[in-house]
file structure.pdb (PDB, C-alpha atoms)
ATOM      1  CA  MET M   1      67.307 -28.411 -17.265
ATOM      2  CA  ARG M   2      66.615 -24.833 -16.222
ATOM      3  CA  PHE M   3      63.000 -23.781 -16.543
ATOM      4  CA  LEU M   4      61.724 -20.205 -16.289
ATOM      5  CA  LEU M   5      58.278 -18.790 -16.955
ATOM      6  CA  THR M   6      58.045 -16.264 -19.743
ATOM      7  CA  ALA M   7      57.209 -12.640 -19.025
ATOM      8  CA  GLN M   8      53.841 -13.134 -20.726
ATOM      9  CA  GLN M   9      52.992 -16.094 -18.499
ATOM     10  CA  ARG M  10      53.975 -14.208 -15.355
ATOM     11  CA  ASP M  11      51.963 -11.162 -16.433
ATOM     12  CA  PHE M  12      48.907 -13.329 -17.075
ATOM     13  CA  ALA M  13      49.113 -14.816 -13.574
ATOM     14  CA  ARG M  14      49.684 -11.375 -12.020
ATOM     15  CA  SER M  15      46.689  -9.889 -13.829
ATOM     16  CA  LEU M  16      44.444 -12.666 -12.554
ATOM     17  CA  ASP M  17      45.849 -12.200  -9.046
ATOM     18  CA  ALA M  18      45.105  -8.463  -9.196
ATOM     19  CA  MET M  19      41.552  -9.091 -10.378
ATOM     20  CA  LEU M  20      40.874 -11.614  -7.618
ATOM     21  CA  THR M  21      42.500  -9.404  -4.969
ATOM     22  CA  ALA M  22      40.134  -6.595  -5.903
ATOM     23  CA  ALA M  23      37.117  -8.912  -5.776
ATOM     24  CA  ASP M  24      35.512  -9.876  -2.469
ATOM     25  CA  VAL M  25      36.241 -13.570  -2.832
ATOM     26  CA  PRO M  26      35.636 -14.513   0.844
ATOM     27  CA  ARG M  27      32.113 -13.108   0.601
ATOM     28  CA  ALA M  28      31.492 -15.143  -2.546
ATOM     29  CA  VAL M  29      32.795 -18.286  -0.824
ATOM     30  CA  ARG M  30      30.539 -17.809   2.194
ATOM     31  CA  ALA M  31      27.528 -17.106  -0.011
ATOM     32  CA  TRP M  32      28.276 -20.203  -2.110
ATOM     33  CA  SER M  33      28.480 -22.312   1.051
ATOM     34  CA  ALA M  34      25.075 -21.021   2.105
ATOM     35  CA  GLY M  35      23.502 -21.894  -1.242
ATOM     36  CA  ASP M  36      23.620 -18.407  -2.776
ATOM     37  CA  ALA M  37      25.518 -18.812  -6.034
ATOM     38  CA  GLY M  38      25.044 -15.222  -7.245
ATOM     39  CA  PRO M  39      28.367 -13.663  -6.138
ATOM     40  CA  GLY M  40      30.258 -16.819  -7.087
ATOM     41  CA  ARG M  41      28.742 -16.964 -10.557
ATOM     42  CA  ALA M  42      29.599 -13.303 -11.118
ATOM     43  CA  LEU M  43      33.186 -14.138 -10.151
ATOM     44  CA  PHE M  44      33.086 -17.209 -12.402
ATOM     45  CA  SER M  45      32.091 -15.005 -15.354
ATOM     46  CA  ARG M  46      34.974 -12.603 -14.678
ATOM     47  CA  ILE M  47      37.401 -15.521 -14.562
ATOM     48  CA  ALA M  48      36.095 -16.742 -17.904
ATOM     49  CA  GLU M  49      36.410 -13.233 -19.375
ATOM     50  CA  ALA M  50      40.049 -13.271 -18.273
ATOM     51  CA  GLY M  51      40.543 -16.256 -20.578
ATOM     52  CA  VAL M  52      40.906 -19.076 -18.055
ATOM     53  CA  PHE M  53      38.599 -21.589 -19.719
ATOM     54  CA  ALA M  54      39.882 -20.676 -23.162
ATOM     55  CA  LEU M  55      43.158 -22.318 -22.141
ATOM     56  CA  VAL M  56      41.667 -25.798 -22.440
ATOM     57  CA  ALA M  57      39.607 -25.298 -25.613
ATOM     58  CA  PRO M  58      40.901 -25.472 -29.202
ATOM     59  CA  GLU M  59      40.816 -22.302 -31.298
ATOM     60  CA  ALA M  60      38.052 -23.766 -33.462
ATOM     61  CA  TYR M  61      35.716 -23.452 -30.464
ATOM     62  CA  ASP M  62      36.652 -19.913 -29.376
ATOM     63  CA  GLY M  63      39.523 -21.164 -27.255
ATOM     64  CA  ALA M  64      43.224 -20.343 -27.110
ATOM     65  CA  GLY M  65      44.523 -23.783 -26.231
ATOM     66  CA  PRO M  66      45.207 -26.300 -25.251
ATOM     67  CA  LEU M  67      47.742 -24.534 -22.988
ATOM     68  CA  PRO M  68      48.301 -26.739 -19.919
ATOM     69  CA  LEU M  69      51.139 -24.712 -18.391
ATOM     70  CA  GLU M  70      49.150 -21.495 -18.430
ATOM     71  CA  LEU M  71      46.201 -23.392 -16.983
ATOM     72  CA  ALA M  72      48.341 -24.688 -14.122
ATOM     73  CA  LEU M  73      49.513 -21.147 -13.371
ATOM     74  CA  VAL M  74      46.015 -19.704 -13.200
ATOM     75  CA  CYS M  75      44.756 -22.608 -11.079
ATOM     76  CA  VAL M  76      47.437 -21.749  -8.531
ATOM     77  CA  GLU M  77      45.984 -18.239  -8.366
ATOM     78  CA  LEU M  78      42.425 -19.573  -8.095
ATOM     79  CA  GLY M  79      43.474 -21.803  -5.204
ATOM     80  CA  ARG M  80      45.414 -18.999  -3.546
ATOM     81  CA  HIS M  81      42.260 -16.884  -3.537
ATOM     82  CA  ALA M  82      39.926 -19.783  -2.576
ATOM     83  CA  VAL M  83      37.670 -19.216  -5.595
ATOM     84  CA  PRO M  84      34.460 -21.260  -5.226
ATOM     85  CA  GLY M  85      32.606 -23.186  -7.890
ATOM     86  CA  PRO M  86      33.262 -26.024 -10.338
ATOM     87  CA  VAL M  87      36.372 -24.513 -11.896
ATOM     88  CA  VAL M  88      38.310 -27.771 -12.179
ATOM     89  CA  GLU M  89      35.196 -29.615 -13.326
ATOM     90  CA  THR M  90      34.560 -27.049 -16.055
ATOM     91  CA  VAL M  91      38.169 -27.474 -17.187
ATOM     92  CA  ALA M  92      37.733 -31.252 -17.293
ATOM     93  CA  ALA M  93      34.470 -30.937 -19.214
ATOM     94  CA  GLY M  94      36.196 -28.693 -21.746
ATOM     95  CA  ALA M  95      39.051 -31.175 -22.116
ATOM     96  CA  LEU M  96      36.577 -34.012 -22.625
ATOM     97  CA  LEU M  97      34.648 -32.190 -25.340
ATOM     98  CA  GLY M  98      37.820 -30.957 -27.022
ATOM     99  CA  ARG M  99      39.300 -34.446 -27.180
ATOM    100  CA  LEU M 100      36.093 -35.847 -28.688
ATOM    101  CA  ALA M 101      36.291 -33.146 -31.347
ATOM    102  CA  GLU M 102      39.894 -34.122 -32.090
ATOM    103  CA  LEU M 103      38.733 -37.719 -32.520
ATOM    104  CA  GLY M 104      36.215 -36.675 -35.152
ATOM    105  CA  GLU M 105      33.143 -36.202 -32.943
ATOM    106  CA  PRO M 106      32.612 -32.413 -32.929
ATOM    107  CA  GLY M 107      28.905 -32.381 -32.098
ATOM    108  CA  PRO M 108      29.099 -32.044 -28.286
ATOM    109  CA  ALA M 109      31.976 -29.554 -28.573
ATOM    110  CA  LYS M 110      30.069 -27.321 -30.974
ATOM    111  CA  ARG M 111      27.130 -27.303 -28.621
ATOM    112  CA  LEU M 112      28.876 -26.660 -25.292
ATOM    113  CA  LEU M 113      32.509 -25.557 -25.664
ATOM    114  CA  PRO M 114      31.932 -21.935 -26.782
ATOM    115  CA  ALA M 115      29.587 -21.438 -23.826
ATOM    116  CA  ILE M 116      32.161 -22.958 -21.457
ATOM    117  CA  VAL M 117      34.864 -20.657 -22.805
ATOM    118  CA  SER M 118      32.657 -17.577 -22.416
ATOM    119  CA  GLY M 119      31.652 -18.498 -18.870
ATOM    120  CA  SER M 120      27.946 -18.710 -19.647
ATOM    121  CA  CYS M 121      28.082 -22.451 -18.979
ATOM    122  CA  ALA M 122      29.540 -23.649 -15.695
ATOM    123  CA  ALA M 123      29.945 -27.394 -16.086
ATOM    124  CA  SER M 124      30.350 -30.280 -13.717
ATOM    125  CA  VAL M 125      31.432 -33.734 -14.810
ATOM    126  CA  LEU M 126      31.265 -37.215 -13.359
ATOM    127  CA  LEU M 127      33.859 -39.590 -14.795
ATOM    128  CA  PRO M 128      34.257 -43.324 -14.201
ATOM    129  CA  GLY M 129      35.941 -44.165 -10.909
ATOM    130  CA  ALA M 130      35.332 -40.727  -9.417
ATOM    131  CA  GLY M 131      32.633 -41.740  -6.946
ATOM    132  CA  PRO M 132      28.893 -41.091  -7.044
ATOM    133  CA  TYR M 133      28.865 -37.319  -6.543
ATOM    134  CA  ALA M 134      29.330 -34.426  -8.935
ATOM    135  CA  LEU M 135      30.706 -31.184  -7.554
ATOM    136  CA  ASP M 136      28.308 -28.227  -7.549
ATOM    137  CA  ALA M 137      25.726 -30.061  -9.629
ATOM    138  CA  ASP M 138      23.113 -27.789  -8.051
ATOM    139  CA  THR M 139      24.657 -24.642  -9.552
ATOM    140  CA  ALA M 140      26.189 -25.987 -12.786
ATOM    141  CA  ASP M 141      24.494 -25.240 -16.093
ATOM    142  CA  ALA M 142      25.495 -28.638 -17.472
ATOM    143  CA  VAL M 143      26.382 -31.862 -15.657
ATOM    144  CA  LEU M 144      28.120 -34.348 -17.951
ATOM    145  CA  THR M 145      28.184 -38.001 -16.944
ATOM    146  CA  VAL M 146      30.286 -40.729 -18.518
ATOM    147  CA  THR M 147      28.967 -44.257 -18.047
ATOM    148  CA  GLY M 148      30.520 -46.996 -20.108
ATOM    149  CA  ARG M 149      30.521 -45.790 -23.705
ATOM    150  CA  GLU M 150      27.861 -43.125 -23.167
ATOM    151  CA  LEU M 151      28.198 -39.401 -22.526
ATOM    152  CA  ARG M 152      24.977 -37.908 -21.228
ATOM    153  CA  LEU M 153      23.681 -34.567 -20.037
ATOM    154  CA  ALA M 154      22.213 -35.280 -16.603
ATOM    155  CA  PRO M 155      18.561 -34.236 -16.256
ATOM    156  CA  GLY M 156      18.997 -33.049 -12.677
ATOM    157  CA  HIS M 157      20.523 -33.970  -9.359
ATOM    158  CA  GLY M 158      19.647 -35.384  -5.963
ATOM    159  CA  PRO M 159      19.902 -33.665  -2.579
ATOM    160  CA  VAL M 160      23.064 -31.724  -1.788
ATOM    161  CA  GLN M 161      25.284 -33.674   0.600
ATOM    162  CA  PRO M 162      27.417 -32.182   3.396
ATOM    163  CA  SER M 163      31.123 -31.796   2.728
ATOM    164  CA  ALA M 164      34.183 -31.033   4.830
ATOM    165  CA  ASP M 165      34.399 -27.858   2.756
ATOM    166  CA  PRO M 166      30.952 -26.188   2.699
ATOM    167  CA  ALA M 167      31.900 -24.471  -0.561
ATOM    168  CA  ARG M 168      32.283 -27.891  -2.239
ATOM    169  CA  ARG M 169      28.643 -28.867  -2.700
ATOM    170  CA  LEU M 170      28.133 -32.498  -3.670
ATOM    171  CA  ALA M 171      25.107 -34.130  -5.284
ATOM    172  CA  ARG M 172      24.324 -37.291  -7.249
ATOM    173  CA  PRO M 173      23.376 -36.624 -10.876
ATOM    174  CA  LEU M 174      20.080 -38.223 -11.804
ATOM    175  CA  PRO M 175      20.393 -41.184 -14.194
ATOM    176  CA  GLY M 176      19.468 -40.961 -17.840
ATOM    177  CA  GLY M 177      19.305 -37.654 -19.608
ATOM    178  CA  GLU M 178      20.114 -36.607 -23.148
ATOM    179  CA  LEU M 179      22.662 -38.767 -24.953
ATOM    180  CA  LEU M 180      25.422 -36.550 -26.331
ATOM    181  CA  PHE M 181      27.769 -39.259 -27.619
ATOM    182  CA  ALA M 182      28.228 -43.009 -27.589
ATOM    183  CA  GLY M 183      31.230 -44.949 -28.789
ATOM    184  CA  PRO M 184      34.545 -46.564 -27.860
ATOM    185  CA  GLU M 185      36.400 -43.260 -28.281
ATOM    186  CA  LEU M 186      34.779 -42.003 -25.089
ATOM    187  CA  ALA M 187      37.095 -43.991 -22.796
ATOM    188  CA  GLY M 188      40.220 -42.263 -24.071
ATOM    189  CA  ALA M 189      38.518 -38.854 -23.971
ATOM    190  CA  ALA M 190      37.466 -39.467 -20.362
ATOM    191  CA  ASP M 191      41.044 -40.372 -19.396
ATOM    192  CA  HIS M 192      42.222 -37.172 -21.077
ATOM    193  CA  ALA M 193      39.659 -35.136 -19.142
ATOM    194  CA  ALA M 194      40.704 -36.767 -15.866
ATOM    195  CA  LEU M 195      44.336 -35.878 -16.596
ATOM    196  CA  TRP M 196      43.490 -32.203 -17.107
ATOM    197  CA  GLY M 197      41.265 -32.212 -14.044
ATOM    198  CA  ARG M 198      44.054 -33.699 -11.935
ATOM    199  CA  LEU M 199      46.510 -31.089 -13.213
ATOM    200  CA  ALA M 200      44.100 -28.243 -12.442
ATOM    201  CA  ALA M 201      43.406 -29.657  -8.978
ATOM    202  CA  ALA M 202      47.155 -29.874  -8.313
ATOM    203  CA  GLY M 203      47.447 -26.193  -9.193
ATOM    204  CA  GLN M 204      44.626 -25.337  -6.805
ATOM    205  CA  CYS M 205      46.305 -27.354  -4.042
ATOM    206  CA  LEU M 206      49.533 -25.441  -4.504
ATOM    207  CA  GLY M 207      47.668 -22.135  -4.354
ATOM    208  CA  VAL M 208      45.885 -23.163  -1.156
ATOM    209  CA  ALA M 209      49.241 -24.123   0.390
ATOM    210  CA  GLU M 210      50.736 -20.755  -0.579
ATOM    211  CA  ALA M 211      47.817 -18.848   0.936
ATOM    212  CA  LEU M 212      47.891 -20.794   4.196
ATOM    213  CA  LEU M 213      51.635 -20.327   4.545
ATOM    214  CA  ALA M 214      51.498 -16.587   3.797
ATOM    215  CA  ARG M 215      48.669 -15.997   6.265
ATOM    216  CA  THR M 216      50.407 -18.000   8.964
ATOM    217  CA  VAL M 217      53.690 -16.133   8.520
ATOM    218  CA  ALA M 218      51.847 -12.821   8.777
ATOM    219  CA  TYR M 219      50.055 -13.982  11.931
ATOM    220  CA  VAL M 220      53.114 -15.201  13.844
ATOM    221  CA  LYS M 221      54.799 -11.864  13.154
ATOM    222  CA  GLN M 222      51.922 -10.070  14.896
ATOM    223  CA  ARG M 223      51.080 -12.414  17.763
ATOM    224  CA  THR M 224      53.310 -11.875  20.774
ATOM    225  CA  GLN M 225      54.202 -14.021  23.743
ATOM    226  CA  PHE M 226      56.636 -13.131  26.517
ATOM    227  CA  GLY M 227      56.916  -9.721  24.896
ATOM    228  CA  VAL M 228      58.193 -10.955  21.506
ATOM    229  CA  PRO M 229      56.530 -12.184  18.285
ATOM    230  CA  VAL M 230      55.948 -15.936  18.378
ATOM    231  CA  GLY M 231      57.489 -16.058  14.912
ATOM    232  CA  SER M 232      60.864 -15.497  16.543
ATOM    233  CA  PHE M 233      60.681 -18.852  18.345
ATOM    234  CA  GLN M 234      62.910 -21.496  16.822
ATOM    235  CA  ALA M 235      60.244 -24.215  16.872
ATOM    236  CA  VAL M 236      57.850 -21.963  14.942
ATOM    237  CA  LYS M 237      60.553 -21.098  12.414
ATOM    238  CA  HIS M 238      61.321 -24.771  11.845
ATOM    239  CA  ARG M 239      57.658 -25.621  11.304
ATOM    240  CA  LEU M 240      57.243 -22.816   8.772
ATOM    241  CA  ALA M 241      60.492 -23.753   7.031
ATOM    242  CA  ASP M 242      59.281 -27.332   6.590
ATOM    243  CA  THR M 243      56.034 -26.041   5.115
ATOM    244  CA  LEU M 244      57.881 -23.737   2.732
ATOM    245  CA  ILE M 245      60.104 -26.597   1.546
ATOM    246  CA  ALA M 246      57.032 -28.721   0.794
ATOM    247  CA  VAL M 247      55.446 -25.881  -1.205
ATOM    248  CA  GLU M 248      58.580 -25.128  -3.205
ATOM    249  CA  PHE M 249      59.178 -28.823  -3.866
ATOM    250  CA  ALA M 250      55.688 -29.125  -5.353
ATOM    251  CA  ARG M 251      56.035 -26.132  -7.679
ATOM    252  CA  PRO M 252      58.540 -27.544 -10.228
ATOM    253  CA  LEU M 253      56.666 -30.842 -10.265
ATOM    254  CA  LEU M 254      53.512 -28.955 -11.244
ATOM    255  CA  TYR M 255      55.306 -27.083 -14.028
ATOM    256  CA  GLY M 256      56.973 -30.251 -15.277
ATOM    257  CA  ALA M 257      53.670 -32.117 -15.299
ATOM    258  CA  ALA M 258      52.026 -29.310 -17.267
ATOM    259  CA  LEU M 259      54.807 -29.419 -19.853
ATOM    260  CA  SER M 260      54.687 -33.185 -20.340
ATOM    261  CA  LEU M 261      51.067 -34.069 -19.502
ATOM    262  CA  ALA M 262      52.400 -37.540 -18.734
ATOM    263  CA  PRO M 263      50.006 -39.366 -16.382
ATOM    264  CA  GLY M 264      52.754 -40.349 -13.957
ATOM    265  CA  GLU M 265      54.122 -36.810 -13.730
ATOM    266  CA  VAL M 266      50.680 -35.291 -13.283
ATOM    267  CA  ALA M 267      49.976 -37.802 -10.513
ATOM    268  CA  ALA M 268      53.289 -36.921  -8.844
ATOM    269  CA  ALA M 269      52.434 -33.224  -9.001
ATOM    270  CA  LYS M 270      48.974 -33.841  -7.562
ATOM    271  CA  VAL M 271      50.103 -35.931  -4.614
ATOM    272  CA  THR M 272      52.960 -33.541  -3.798
ATOM    273  CA  ALA M 273      50.840 -30.399  -4.035
ATOM    274  CA  GLY M 274      48.001 -32.063  -2.142
ATOM    275  CA  GLU M 275      50.271 -33.086   0.716
ATOM    276  CA  ALA M 276      51.785 -29.587   0.748
ATOM    277  CA  ALA M 277      48.310 -28.068   1.117
ATOM    278  CA  TYR M 278      47.326 -30.490   3.863
ATOM    279  CA  GLY M 279      50.612 -29.932   5.697
ATOM    280  CA  ALA M 280      50.217 -26.160   5.401
ATOM    281  CA  ALA M 281      46.712 -26.447   6.864
ATOM    282  CA  ARG M 282      47.994 -28.402   9.860
ATOM    283  CA  THR M 283      50.768 -25.852  10.394
ATOM    284  CA  ALA M 284      48.361 -22.939  10.083
ATOM    285  CA  LEU M 285      45.930 -24.443  12.551
ATOM    286  CA  GLN M 286      48.629 -25.222  15.098
ATOM    287  CA  LEU M 287      50.322 -21.824  14.927
ATOM    288  CA  HIS M 288      47.081 -19.841  14.944
ATOM    289  CA  GLY M 289      45.911 -21.676  18.029
ATOM    290  CA  ALA M 290      42.253 -21.546  19.061
ATOM    291  CA  VAL M 291      41.462 -18.608  16.768
ATOM    292  CA  GLY M 292      42.220 -20.879  13.803
ATOM    293  CA  TYR M 293      39.087 -22.897  14.543
ATOM    294  CA  THR M 294      36.708 -19.960  14.189
ATOM    295  CA  GLN M 295      34.625 -19.693  11.033
ATOM    296  CA  GLU M 296      34.670 -15.897  11.275
ATOM    297  CA  LEU M 297      38.382 -15.879  10.433
ATOM    298  CA  ASP M 298      38.976 -16.014   6.670
ATOM    299  CA  LEU M 299      41.715 -18.571   7.295
ATOM    300  CA  SER M 300      38.972 -21.192   7.695
ATOM    301  CA  LEU M 301      38.073 -20.848   4.014
ATOM    302  CA  TRP M 302      41.455 -22.309   3.078
ATOM    303  CA  LEU M 303      41.733 -24.692   6.009
ATOM    304  CA  ARG M 304      38.556 -26.458   4.971
ATOM    305  CA  LYS M 305      39.661 -26.766   1.353
ATOM    306  CA  ALA M 306      42.987 -28.455   1.962
ATOM    307  CA  ARG M 307      41.843 -31.978   2.844
ATOM    308  CA  PRO M 308      39.016 -32.306   0.261
ATOM    309  CA  LEU M 309      41.253 -30.918  -2.497
ATOM    310  CA  ARG M 310      44.025 -33.298  -1.518
ATOM    311  CA  ASP M 311      41.669 -36.222  -2.140
ATOM    312  CA  ALA M 312      39.808 -34.820  -5.169
ATOM    313  CA  TRP M 313      40.814 -35.967  -8.654
ATOM    314  CA  GLY M 314      42.972 -38.715  -7.216
ATOM    315  CA  SER M 315      43.673 -39.463  -3.571
ATOM    316  CA  PRO M 316      47.315 -39.663  -2.437
ATOM    317  CA  ALA M 317      47.149 -43.467  -2.633
ATOM    318  CA  GLN M 318      45.700 -43.397  -6.142
ATOM    319  CA  CYS M 319      48.268 -40.878  -7.331
ATOM    320  CA  ARG M 320      51.156 -42.822  -5.859
ATOM    321  CA  ALA M 321      49.887 -45.951  -7.608
ATOM    322  CA  ALA M 322      49.734 -43.988 -10.868
ATOM    323  CA  VAL M 323      53.328 -42.811 -10.372
ATOM    324  CA  LEU M 324      54.540 -46.362  -9.782
ATOM    325  CA  GLY M 325      52.594 -47.508 -12.822
ATOM    326  CA  GLY M 326      54.400 -44.985 -15.016
TER     327      GLY M 326
END
call {"tool": "encode", "arguments": {"input": "structure.pdb", "output": "structure tokens"}}
result
Amino acid sequence: MRFLLTAQQRDFARSLDAMLTAADVPRAVRAWSAGDAGPGRALFSRIAEAGVFALVAPEAYDGAGPLPLELALVCVELGRHAVPGPVVETVAAGALLGRLAELGEPGPAKRLLPAIVSGSCAASVLLPGAGPYALDADTADAVLTVTGRELRLAPGHGPVQPSADPARRLARPLPGGELLFAGPELAGAADHAALWGRLAAAGQCLGVAEALLARTVAYVKQRTQFGVPVGSFQAVKHRLADTLIAVEFARPLLYGAALSLAPGEVAAAKVTAGEAAYGAARTALQLHGAVGYTQELDLSLWLRKARPLRDAWGSPAQCRAAVLGG
């Protein structure tokens, strides 16, 4: 089957790319890492105004979705620009609330979804099996926790924990909090939210891989050794070619997963995109040499995202198990 994006889809991705290129995203990432969420929240609001979070919400709640393919496309752009904040978590929270509304429980969606779509509510979510920490719980306006058959609004969070990526701030939500919903339908809604979160994370991984590859190619064209660019060396070309193959292999899997939303296909897209990002980070670090280790170089913003994103929303082992399980 031949698959091509429509002109409208490509234009949407290009418009988001242009907006993020004009914004000072590296400054927002560094501020977010230091605990200053102001520039990142301003960027978050602009992303919401562009319609990103509307892609996961039904029209009844000010959304335009659900549109998983368009969401995957924009998450690639968000990863390519290293946008900080709980973007994937807000997507998952929107998917959770939207699915509950579809199942006849519109209360939580009426309360939170319009604010999520508008960008006035940045949400984090902690689903079963995801570990004890919620991403960016210290800056989120709402932290949703699913425990058993209960969906609650966490009353706060514990201390922020260190992360391999300083822009991924982790904290334990405090127990208890306001009960938003209780019932057996919650398990299926949580699985649905995890599926959308995994798809969005796969898109971010692919974007990170693209950015690392592009920056590395540009660098090896400029750096010289023995009077010639190091990019002309055969070993360097082979390493970059392998990285490019991994990136381009992940892209159709991401699109196919977005079209089907089948758990096995989404897991395959996530593990492939995650490994592409991690491989691109290793290539970038090797070919940049010692300068690649410096925090002053913007490359570090992507290098430090690759490994945590690869493991978020399903580690490679978990995703492979999901693929084998269908």
call {"tool": "atom_distance", "arguments": {"input": "structure.pdb", "atom1": "CA of Gly79 in chain M", "atom2": "CA of Glu265 in chain M"}}
result
20.3 Å
call {"tool": "residues_around", "arguments": {"input": "structure.pdb", "residues": "Ala54 in chain M", "least_positions_apart": "6", "cutoff": "10 Å", "atoms": "only C-alpha atoms", "output": "number ranges by chain"}}
result
M: 48, 61-67, 71, 91, 94, 113-114, 116-119
call {"tool": "atom_distance", "arguments": {"input": "structure.pdb", "atom1": "CA of Leu179 in chain M", "atom2": "CA of Thr145 in chain M"}}
result
9.8 Å
call {"tool": "resolve_selection", "arguments": {"input": "structure.pdb", "expression": "the PyMOL selection byres ((chain M and resi 159) around 10)", "output": "VMD selection string"}}
result
chain M and resid 137 to 138 157 to 158 160 to 162 169 to 173
call {"tool": "residues_around", "arguments": {"input": "structure.pdb", "residues": "Leu199 in chain M", "least_positions_apart": "4", "cutoff": "10 Å", "atoms": "all atoms listed in the file", "output": "list in words"}}
result
Pro68, Leu69, Leu71, Ala72, Cys75, Val88, Val91, Ala92, Ala193, Ala194, Leu195, Gly203, Gln204, Cys205, Leu254, Tyr255, Ala257, Ala258, Leu261, Pro263, Glu265, Val266, Ala267, Ala268, Ala269, Lys270 and Trp313 of chain M
call {"tool": "write_last_selection", "arguments": {"input": "structure.pdb", "atoms": "C-alpha atoms", "output": "PDB file, keeping the file's coordinate frame"}}
result
ATOM      1  CA  PRO M  68      48.301 -26.739 -19.919  1.00  0.00           C
ATOM      2  CA  LEU M  69      51.139 -24.712 -18.391  1.00  0.00           C
ATOM      3  CA  LEU M  71      46.201 -23.392 -16.983  1.00  0.00           C
ATOM      4  CA  ALA M  72      48.341 -24.688 -14.122  1.00  0.00           C
ATOM      5  CA  CYS M  75      44.756 -22.608 -11.079  1.00  0.00           C
ATOM      6  CA  VAL M  88      38.310 -27.771 -12.179  1.00  0.00           C
ATOM      7  CA  VAL M  91      38.169 -27.474 -17.187  1.00  0.00           C
ATOM      8  CA  ALA M  92      37.733 -31.252 -17.293  1.00  0.00           C
ATOM      9  CA  ALA M 193      39.659 -35.136 -19.142  1.00  0.00           C
ATOM     10  CA  ALA M 194      40.704 -36.767 -15.866  1.00  0.00           C
ATOM     11  CA  LEU M 195      44.336 -35.878 -16.596  1.00  0.00           C
ATOM     12  CA  GLY M 203      47.447 -26.193  -9.193  1.00  0.00           C
ATOM     13  CA  GLN M 204      44.626 -25.337  -6.805  1.00  0.00           C
ATOM     14  CA  CYS M 205      46.305 -27.354  -4.042  1.00  0.00           C
ATOM     15  CA  LEU M 254      53.512 -28.955 -11.244  1.00  0.00           C
ATOM     16  CA  TYR M 255      55.306 -27.083 -14.028  1.00  0.00           C
ATOM     17  CA  ALA M 257      53.670 -32.117 -15.299  1.00  0.00           C
ATOM     18  CA  ALA M 258      52.026 -29.310 -17.267  1.00  0.00           C
ATOM     19  CA  LEU M 261      51.067 -34.069 -19.502  1.00  0.00           C
ATOM     20  CA  PRO M 263      50.006 -39.366 -16.382  1.00  0.00           C
ATOM     21  CA  GLU M 265      54.122 -36.810 -13.730  1.00  0.00           C
ATOM     22  CA  VAL M 266      50.680 -35.291 -13.283  1.00  0.00           C
ATOM     23  CA  ALA M 267      49.976 -37.802 -10.513  1.00  0.00           C
ATOM     24  CA  ALA M 268      53.289 -36.921  -8.844  1.00  0.00           C
ATOM     25  CA  ALA M 269      52.434 -33.224  -9.001  1.00  0.00           C
ATOM     26  CA  LYS M 270      48.974 -33.841  -7.562  1.00  0.00           C
ATOM     27  CA  TRP M 313      40.814 -35.967  -8.654  1.00  0.00           C
TER      28      TRP M 313
END
call {"tool": "closest_atom_pairs", "arguments": {"input": "structure.pdb", "of": "range 93-210 of chain M", "to": "range 278-292 of chain M", "cutoff": "9 Å", "atoms": "all atoms listed in the file", "output": "tab-separated table"}}
result
residue	atom	partner	partner_atom	distance
M:Cys205	CA	M:Tyr278	CA	8.6
M:Val208	CA	M:Ala280	CA	8.4
M:Ala209	CA	M:Ala280	CA	5.5
M:Glu210	CA	M:Ala280	CA	8.1
call {"tool": "resolve_selection", "arguments": {"input": "structure.pdb", "expression": "the PyMOL selection byres ((chain M and resi 20-26) around 12)", "output": "mmCIF file with C-alpha atoms, in the frame of the given file"}}
result
data_model
loop_
_atom_site.group_PDB
_atom_site.id
_atom_site.type_symbol
_atom_site.label_atom_id
_atom_site.label_comp_id
_atom_site.auth_asym_id
_atom_site.auth_seq_id
_atom_site.Cartn_x
_atom_site.Cartn_y
_atom_site.Cartn_z
ATOM 1 C CA ALA M 13 49.113 -14.816 -13.574
ATOM 2 C CA ARG M 14 49.684 -11.375 -12.020
ATOM 3 C CA SER M 15 46.689 -9.889 -13.829
ATOM 4 C CA LEU M 16 44.444 -12.666 -12.554
ATOM 5 C CA ASP M 17 45.849 -12.200 -9.046
ATOM 6 C CA ALA M 18 45.105 -8.463 -9.196
ATOM 7 C CA MET M 19 41.552 -9.091 -10.378
ATOM 8 C CA ARG M 27 32.113 -13.108 0.601
ATOM 9 C CA ALA M 28 31.492 -15.143 -2.546
ATOM 10 C CA VAL M 29 32.795 -18.286 -0.824
ATOM 11 C CA ARG M 30 30.539 -17.809 2.194
ATOM 12 C CA ALA M 31 27.528 -17.106 -0.011
ATOM 13 C CA TRP M 32 28.276 -20.203 -2.110
ATOM 14 C CA SER M 33 28.480 -22.312 1.051
ATOM 15 C CA PRO M 39 28.367 -13.663 -6.138
ATOM 16 C CA GLY M 40 30.258 -16.819 -7.087
ATOM 17 C CA ARG M 41 28.742 -16.964 -10.557
ATOM 18 C CA ALA M 42 29.599 -13.303 -11.118
ATOM 19 C CA LEU M 43 33.186 -14.138 -10.151
ATOM 20 C CA PHE M 44 33.086 -17.209 -12.402
ATOM 21 C CA ARG M 46 34.974 -12.603 -14.678
ATOM 22 C CA ILE M 47 37.401 -15.521 -14.562
ATOM 23 C CA ALA M 50 40.049 -13.271 -18.273
ATOM 24 C CA VAL M 74 46.015 -19.704 -13.200
ATOM 25 C CA GLU M 77 45.984 -18.239 -8.366
ATOM 26 C CA LEU M 78 42.425 -19.573 -8.095
ATOM 27 C CA GLY M 79 43.474 -21.803 -5.204
ATOM 28 C CA ARG M 80 45.414 -18.999 -3.546
ATOM 29 C CA HIS M 81 42.260 -16.884 -3.537
ATOM 30 C CA ALA M 82 39.926 -19.783 -2.576
ATOM 31 C CA VAL M 83 37.670 -19.216 -5.595
ATOM 32 C CA PRO M 84 34.460 -21.260 -5.226
ATOM 33 C CA GLY M 85 32.606 -23.186 -7.890
ATOM 34 C CA ALA M 167 31.900 -24.471 -0.561
ATOM 35 C CA GLN M 295 34.625 -19.693 11.033
ATOM 36 C CA GLU M 296 34.670 -15.897 11.275
ATOM 37 C CA LEU M 297 38.382 -15.879 10.433
ATOM 38 C CA ASP M 298 38.976 -16.014 6.670
ATOM 39 C CA LEU M 299 41.715 -18.571 7.295
ATOM 40 C CA SER M 300 38.972 -21.192 7.695
ATOM 41 C CA LEU M 301 38.073 -20.848 4.014
ATOM 42 C CA TRP M 302 41.455 -22.309 3.078
#
